Amino acid sequence: MALTGQTFSYTGAMLISALLNALAHLSRVCGFDTVASFPPGHRYARTHWNPAYFDIASDLKPEYIERALCESIANTPLIFAHITHPTPRMQRALLAVIDTRLRRACGNPLDLVALLVHAYRSPATPDAMPGLRRAIENSQFDTAAVLALLGAMPSTVDVSDINTISEAAR
């Protein structure tokens, strides 16, 4: 009789576990759950974010997830601090806000540059523009030096300025 009780509790636990897994899957498929990273196998699968700050539905395609994160960064740039290994597109969204602050004298964007520099401390963070990592590393992760470099450029996010960053990094 005791064996039957143990078998029942073991079977019941397996059933509950399977039911919870099925509900979790259904929740993700229906978009009721929020995600904290791109799906496994995605190009930027190492990119993670704190779901408490980003309400990203689990049924979105990766392109739309990245777009939503970039819009969040453009609207509230300090939220960039809650992203690990940001994608180049996310970094360019932050660079656009930095550029806007530099060009319009809306305030010193040193806090935003510090977020970008911090992201580049990890070798797993992909480069937003060729030469940017080298420039940050050559400055020994000095935010003021990186800000000076970005401020000296004609436009931070313009494609024609990629050579300027590469030359400054040398």
# chains A, B, ... in the order shown; residues from 1 in each chain; ligands from 1

call {"tool": "select_by_dssp", "arguments": {"residues": "region 8-170 of chain A", "states": "helix (DSSP H, G or I)", "output": "PyMOL selection string"}}
result
chain A and resi 8-30+62-75+77-82+88-104+110-119+132-138+143-152+159-169

call {"tool": "select_by_dssp", "arguments": {"residues": "chain A", "states": "strand (DSSP E)", "output": "compact mmCIF listing (two decimals) with N, CA and C atoms, in the first residue's frame"}}
result
# COMPACT_ATOMS: atom_id res chain seq x y z
N HIS A 48 20.69 40.09 -23.47
CA HIS A 48 19.66 39.89 -22.44
C HIS A 48 19.23 41.25 -21.92
N TRP A 49 18.01 41.32 -21.44
CA TRP A 49 17.50 42.53 -20.82
C TRP A 49 16.65 42.15 -19.64
N ILE A 83 20.42 46.35 -20.22
CA ILE A 83 20.65 45.44 -21.35
C ILE A 83 22.08 44.94 -21.28
N THR A 84 22.24 43.64 -21.38
CA THR A 84 23.57 43.02 -21.41
C THR A 84 23.88 42.63 -22.85

call {"tool": "closest_atom_pairs", "arguments": {"of": "region 53-96 of chain A", "to": "region 35-40 of chain A", "cutoff": "8 Å", "atoms": "only C-alpha atoms", "output": "CSV"}}
result
residue,atom,partner,partner_atom,distance
A:Asp55,CA,A:Val35,CA,7.9
A:Ile56,CA,A:Val35,CA,5.9
A:Ala57,CA,A:Val35,CA,6.4
A:Ser58,CA,A:Val35,CA,5.3
A:Pro62,CA,A:Phe38,CA,6.3
A:Ile65,CA,A:Phe38,CA,7.9

call {"tool": "atom_distance", "arguments": {"atom1": "CA of Ser122 (chain A)", "atom2": "CA of Arg134 (chain A)"}}
result
12.8 Å

call {"tool": "residues_around", "arguments": {"residues": "Thr125 (chain A)", "least_positions_apart": "3", "cutoff": "8 Å", "atoms": "only C-alpha atoms", "output": "count of residues only"}}
result
7

call {"tool": "residues_around", "arguments": {"residues": "Arg133 (chain A)", "least_positions_apart": "6", "cutoff": "9 Å", "atoms": "only C-alpha atoms", "output": "list in words"}}
result
Val117, Tyr120, Pro126, Asp127 and Ala169 of chain A

call {"tool": "write_last_selection", "arguments": {"atoms": "N, CA and C atoms", "output": "mmCIF file, in the first residue's frame"}}
result
data_model
loop_
_atom_site.group_PDB
_atom_site.id
_atom_site.type_symbol
_atom_site.label_atom_id
_atom_site.label_comp_id
_atom_site.auth_asym_id
_atom_site.auth_seq_id
_atom_site.Cartn_x
_atom_site.Cartn_y
_atom_site.Cartn_z
ATOM 1 N N VAL A 117 30.226 52.768 -22.792
ATOM 2 C CA VAL A 117 31.572 52.305 -22.430
ATOM 3 C C VAL A 117 31.467 51.050 -21.568
ATOM 4 N N TYR A 120 30.876 47.977 -23.584
ATOM 5 C CA TYR A 120 32.050 47.528 -24.325
ATOM 6 C C TYR A 120 33.117 46.900 -23.434
ATOM 7 N N PRO A 126 28.733 43.065 -29.398
ATOM 8 C CA PRO A 126 29.097 43.294 -30.808
ATOM 9 C C PRO A 126 29.347 44.778 -31.075
ATOM 10 N N ASP A 127 30.196 45.055 -32.043
ATOM 11 C CA ASP A 127 30.533 46.438 -32.389
ATOM 12 C C ASP A 127 29.393 47.100 -33.155
ATOM 13 N N ALA A 169 40.786 55.600 -33.838
ATOM 14 C CA ALA A 169 41.119 54.442 -33.008
ATOM 15 C C ALA A 169 42.575 54.024 -33.164
#

call {"tool": "atom_distance", "arguments": {"atom1": "CA of Ala105 (chain A)", "atom2": "CA of Glu66 (chain A)"}}
result
28.5 Å

call {"tool": "atom_distance", "arguments": {"atom1": "CA of Asn21 (chain A)", "atom2": "CA of Phe54 (chain A)"}}
result
23.6 Å

call {"tool": "residues_around", "arguments": {"residues": "region 112-116 of chain A", "least_positions_apart": "5", "cutoff": "9 Å", "atoms": "only C-alpha atoms", "output": "list in words"}}
result
Pro77, Leu78, Phe80, Ala81, Gln91, Leu94, Leu95, Val97, Ile98, Phe141, Asp142, Thr143, Ala144, Val146 and Leu147 of chain A

call {"tool": "decode", "arguments": {"residues": "region 53-91 of chain A", "atoms": "N, CA and C atoms", "output": "PDB file, in the first residue's frame"}}
result
ATOM      1  N   TYR A  53      11.856  46.010 -16.946  1.00  0.00           N
ATOM      2  CA  TYR A  53      11.923  47.323 -17.580  1.00  0.00           C
ATOM      3  C   TYR A  53      11.424  47.321 -19.026  1.00  0.00           C
ATOM      4  N   PHE A  54      11.298  46.139 -19.606  1.00  0.00           N
ATOM      5  CA  PHE A  54      10.874  46.024 -20.996  1.00  0.00           C
ATOM      6  C   PHE A  54       9.717  45.037 -21.073  1.00  0.00           C
ATOM      7  N   ASP A  55       8.578  45.497 -21.525  1.00  0.00           N
ATOM      8  CA  ASP A  55       7.414  44.621 -21.670  1.00  0.00           C
ATOM      9  C   ASP A  55       7.375  44.115 -23.105  1.00  0.00           C
ATOM     10  N   ILE A  56       8.138  43.051 -23.357  1.00  0.00           N
ATOM     11  CA  ILE A  56       8.257  42.484 -24.698  1.00  0.00           C
ATOM     12  C   ILE A  56       7.477  41.171 -24.722  1.00  0.00           C
ATOM     13  N   ALA A  57       6.428  41.132 -25.502  1.00  0.00           N
ATOM     14  CA  ALA A  57       5.603  39.925 -25.595  1.00  0.00           C
ATOM     15  C   ALA A  57       6.400  38.786 -26.211  1.00  0.00           C
ATOM     16  N   SER A  58       6.169  37.590 -25.724  1.00  0.00           N
ATOM     17  CA  SER A  58       6.932  36.424 -26.159  1.00  0.00           C
ATOM     18  C   SER A  58       6.588  35.959 -27.563  1.00  0.00           C
ATOM     19  N   ASP A  59       5.491  36.438 -28.126  1.00  0.00           N
ATOM     20  CA  ASP A  59       5.111  35.982 -29.462  1.00  0.00           C
ATOM     21  C   ASP A  59       5.660  36.875 -30.576  1.00  0.00           C
ATOM     22  N   LEU A  60       6.473  37.883 -30.223  1.00  0.00           N
ATOM     23  CA  LEU A  60       7.045  38.766 -31.238  1.00  0.00           C
ATOM     24  C   LEU A  60       8.234  38.110 -31.928  1.00  0.00           C
ATOM     25  N   LYS A  61       8.412  38.447 -33.188  1.00  0.00           N
ATOM     26  CA  LYS A  61       9.580  37.984 -33.929  1.00  0.00           C
ATOM     27  C   LYS A  61      10.791  38.801 -33.478  1.00  0.00           C
ATOM     28  N   PRO A  62      11.995  38.236 -33.589  1.00  0.00           N
ATOM     29  CA  PRO A  62      13.205  38.937 -33.121  1.00  0.00           C
ATOM     30  C   PRO A  62      13.374  40.349 -33.681  1.00  0.00           C
ATOM     31  N   GLU A  63      13.011  40.555 -34.945  1.00  0.00           N
ATOM     32  CA  GLU A  63      13.145  41.893 -35.530  1.00  0.00           C
ATOM     33  C   GLU A  63      12.275  42.905 -34.792  1.00  0.00           C
ATOM     34  N   TYR A  64      11.064  42.504 -34.424  1.00  0.00           N
ATOM     35  CA  TYR A  64      10.162  43.399 -33.708  1.00  0.00           C
ATOM     36  C   TYR A  64      10.592  43.581 -32.252  1.00  0.00           C
ATOM     37  N   ILE A  65      11.189  42.550 -31.691  1.00  0.00           N
ATOM     38  CA  ILE A  65      11.717  42.668 -30.333  1.00  0.00           C
ATOM     39  C   ILE A  65      12.804  43.732 -30.308  1.00  0.00           C
ATOM     40  N   GLU A  66      13.728  43.638 -31.267  1.00  0.00           N
ATOM     41  CA  GLU A  66      14.828  44.604 -31.317  1.00  0.00           C
ATOM     42  C   GLU A  66      14.308  46.013 -31.570  1.00  0.00           C
ATOM     43  N   ARG A  67      13.325  46.132 -32.440  1.00  0.00           N
ATOM     44  CA  ARG A  67      12.741  47.447 -32.713  1.00  0.00           C
ATOM     45  C   ARG A  67      12.112  48.038 -31.451  1.00  0.00           C
ATOM     46  N   ALA A  68      11.396  47.210 -30.690  1.00  0.00           N
ATOM     47  CA  ALA A  68      10.765  47.697 -29.458  1.00  0.00           C
ATOM     48  C   ALA A  68      11.812  48.138 -28.439  1.00  0.00           C
ATOM     49  N   LEU A  69      12.903  47.383 -28.343  1.00  0.00           N
ATOM     50  CA  LEU A  69      13.975  47.760 -27.416  1.00  0.00           C
ATOM     51  C   LEU A  69      14.626  49.074 -27.850  1.00  0.00           C
ATOM     52  N   CYS A  70      14.837  49.243 -29.148  1.00  0.00           N
ATOM     53  CA  CYS A  70      15.437  50.480 -29.657  1.00  0.00           C
ATOM     54  C   CYS A  70      14.529  51.679 -29.413  1.00  0.00           C
ATOM     55  N   GLU A  71      13.235  51.493 -29.567  1.00  0.00           N
ATOM     56  CA  GLU A  71      12.294  52.575 -29.284  1.00  0.00           C
ATOM     57  C   GLU A  71      12.329  52.947 -27.805  1.00  0.00           C
ATOM     58  N   SER A  72      12.455  51.948 -26.945  1.00  0.00           N
ATOM     59  CA  SER A  72      12.566  52.217 -25.512  1.00  0.00           C
ATOM     60  C   SER A  72      13.824  53.016 -25.204  1.00  0.00           C
ATOM     61  N   ILE A  73      14.924  52.651 -25.852  1.00  0.00           N
ATOM     62  CA  ILE A  73      16.186  53.368 -25.640  1.00  0.00           C
ATOM     63  C   ILE A  73      16.066  54.809 -26.135  1.00  0.00           C
ATOM     64  N   ALA A  74      15.436  54.999 -27.286  1.00  0.00           N
ATOM     65  CA  ALA A  74      15.272  56.347 -27.827  1.00  0.00           C
ATOM     66  C   ALA A  74      14.409  57.217 -26.916  1.00  0.00           C
ATOM     67  N   ASN A  75      13.395  56.626 -26.292  1.00  0.00           N
ATOM     68  CA  ASN A  75      12.500  57.379 -25.414  1.00  0.00           C
ATOM     69  C   ASN A  75      13.052  57.568 -24.010  1.00  0.00           C
ATOM     70  N   THR A  76      13.735  56.561 -23.493  1.00  0.00           N
ATOM     71  CA  THR A  76      14.290  56.592 -22.142  1.00  0.00           C
ATOM     72  C   THR A  76      15.693  56.004 -22.201  1.00  0.00           C
ATOM     73  N   PRO A  77      16.683  56.789 -22.584  1.00  0.00           N
ATOM     74  CA  PRO A  77      18.016  56.236 -22.848  1.00  0.00           C
ATOM     75  C   PRO A  77      18.692  55.562 -21.658  1.00  0.00           C
ATOM     76  N   LEU A  78      18.392  55.974 -20.450  1.00  0.00           N
ATOM     77  CA  LEU A  78      19.035  55.354 -19.285  1.00  0.00           C
ATOM     78  C   LEU A  78      18.621  53.898 -19.101  1.00  0.00           C
ATOM     79  N   ILE A  79      17.586  53.480 -19.793  1.00  0.00           N
ATOM     80  CA  ILE A  79      17.130  52.091 -19.731  1.00  0.00           C
ATOM     81  C   ILE A  79      18.162  51.155 -20.377  1.00  0.00           C
ATOM     82  N   PHE A  80      19.077  51.720 -21.154  1.00  0.00           N
ATOM     83  CA  PHE A  80      20.165  50.965 -21.791  1.00  0.00           C
ATOM     84  C   PHE A  80      20.987  50.221 -20.740  1.00  0.00           C
ATOM     85  N   ALA A  81      20.997  50.715 -19.522  1.00  0.00           N
ATOM     86  CA  ALA A  81      21.758  50.080 -18.432  1.00  0.00           C
ATOM     87  C   ALA A  81      21.229  48.694 -18.099  1.00  0.00           C
ATOM     88  N   HIS A  82      20.018  48.398 -18.483  1.00  0.00           N
ATOM     89  CA  HIS A  82      19.401  47.115 -18.157  1.00  0.00           C
ATOM     90  C   HIS A  82      19.498  46.097 -19.293  1.00  0.00           C
ATOM     91  N   ILE A  83      20.418  46.351 -20.222  1.00  0.00           N
ATOM     92  CA  ILE A  83      20.648  45.442 -21.349  1.00  0.00           C
ATOM     93  C   ILE A  83      22.082  44.940 -21.281  1.00  0.00           C
ATOM     94  N   THR A  84      22.244  43.637 -21.380  1.00  0.00           N
ATOM     95  CA  THR A  84      23.568  43.022 -21.411  1.00  0.00           C
ATOM     96  C   THR A  84      23.876  42.631 -22.849  1.00  0.00           C
ATOM     97  N   HIS A  85      25.047  42.972 -23.323  1.00  0.00           N
ATOM     98  CA  HIS A  85      25.488  42.701 -24.701  1.00  0.00           C
ATOM     99  C   HIS A  85      24.506  43.279 -25.713  1.00  0.00           C
ATOM    100  N   PRO A  86      24.274  44.602 -25.687  1.00  0.00           N
ATOM    101  CA  PRO A  86      23.316  45.206 -26.624  1.00  0.00           C
ATOM    102  C   PRO A  86      23.731  45.000 -28.080  1.00  0.00           C
ATOM    103  N   THR A  87      22.751  44.872 -28.938  1.00  0.00           N
ATOM    104  CA  THR A  87      23.005  44.688 -30.371  1.00  0.00           C
ATOM    105  C   THR A  87      23.530  46.003 -30.957  1.00  0.00           C
ATOM    106  N   PRO A  88      24.149  45.946 -32.121  1.00  0.00           N
ATOM    107  CA  PRO A  88      24.601  47.190 -32.760  1.00  0.00           C
ATOM    108  C   PRO A  88      23.463  48.196 -32.974  1.00  0.00           C
ATOM    109  N   ARG A  89      22.293  47.697 -33.320  1.00  0.00           N
ATOM    110  CA  ARG A  89      21.150  48.596 -33.534  1.00  0.00           C
ATOM    111  C   ARG A  89      20.756  49.302 -32.239  1.00  0.00           C
ATOM    112  N   MET A  90      20.804  48.595 -31.117  1.00  0.00           N
ATOM    113  CA  MET A  90      20.497  49.212 -29.826  1.00  0.00           C
ATOM    114  C   MET A  90      21.551  50.258 -29.474  1.00  0.00           C
ATOM    115  N   GLN A  91      22.803  49.949 -29.771  1.00  0.00           N
ATOM    116  CA  GLN A  91      23.883  50.903 -29.506  1.00  0.00           C
ATOM    117  C   GLN A  91      23.725  52.149 -30.373  1.00  0.00           C
TER     118      GLN A  91
END
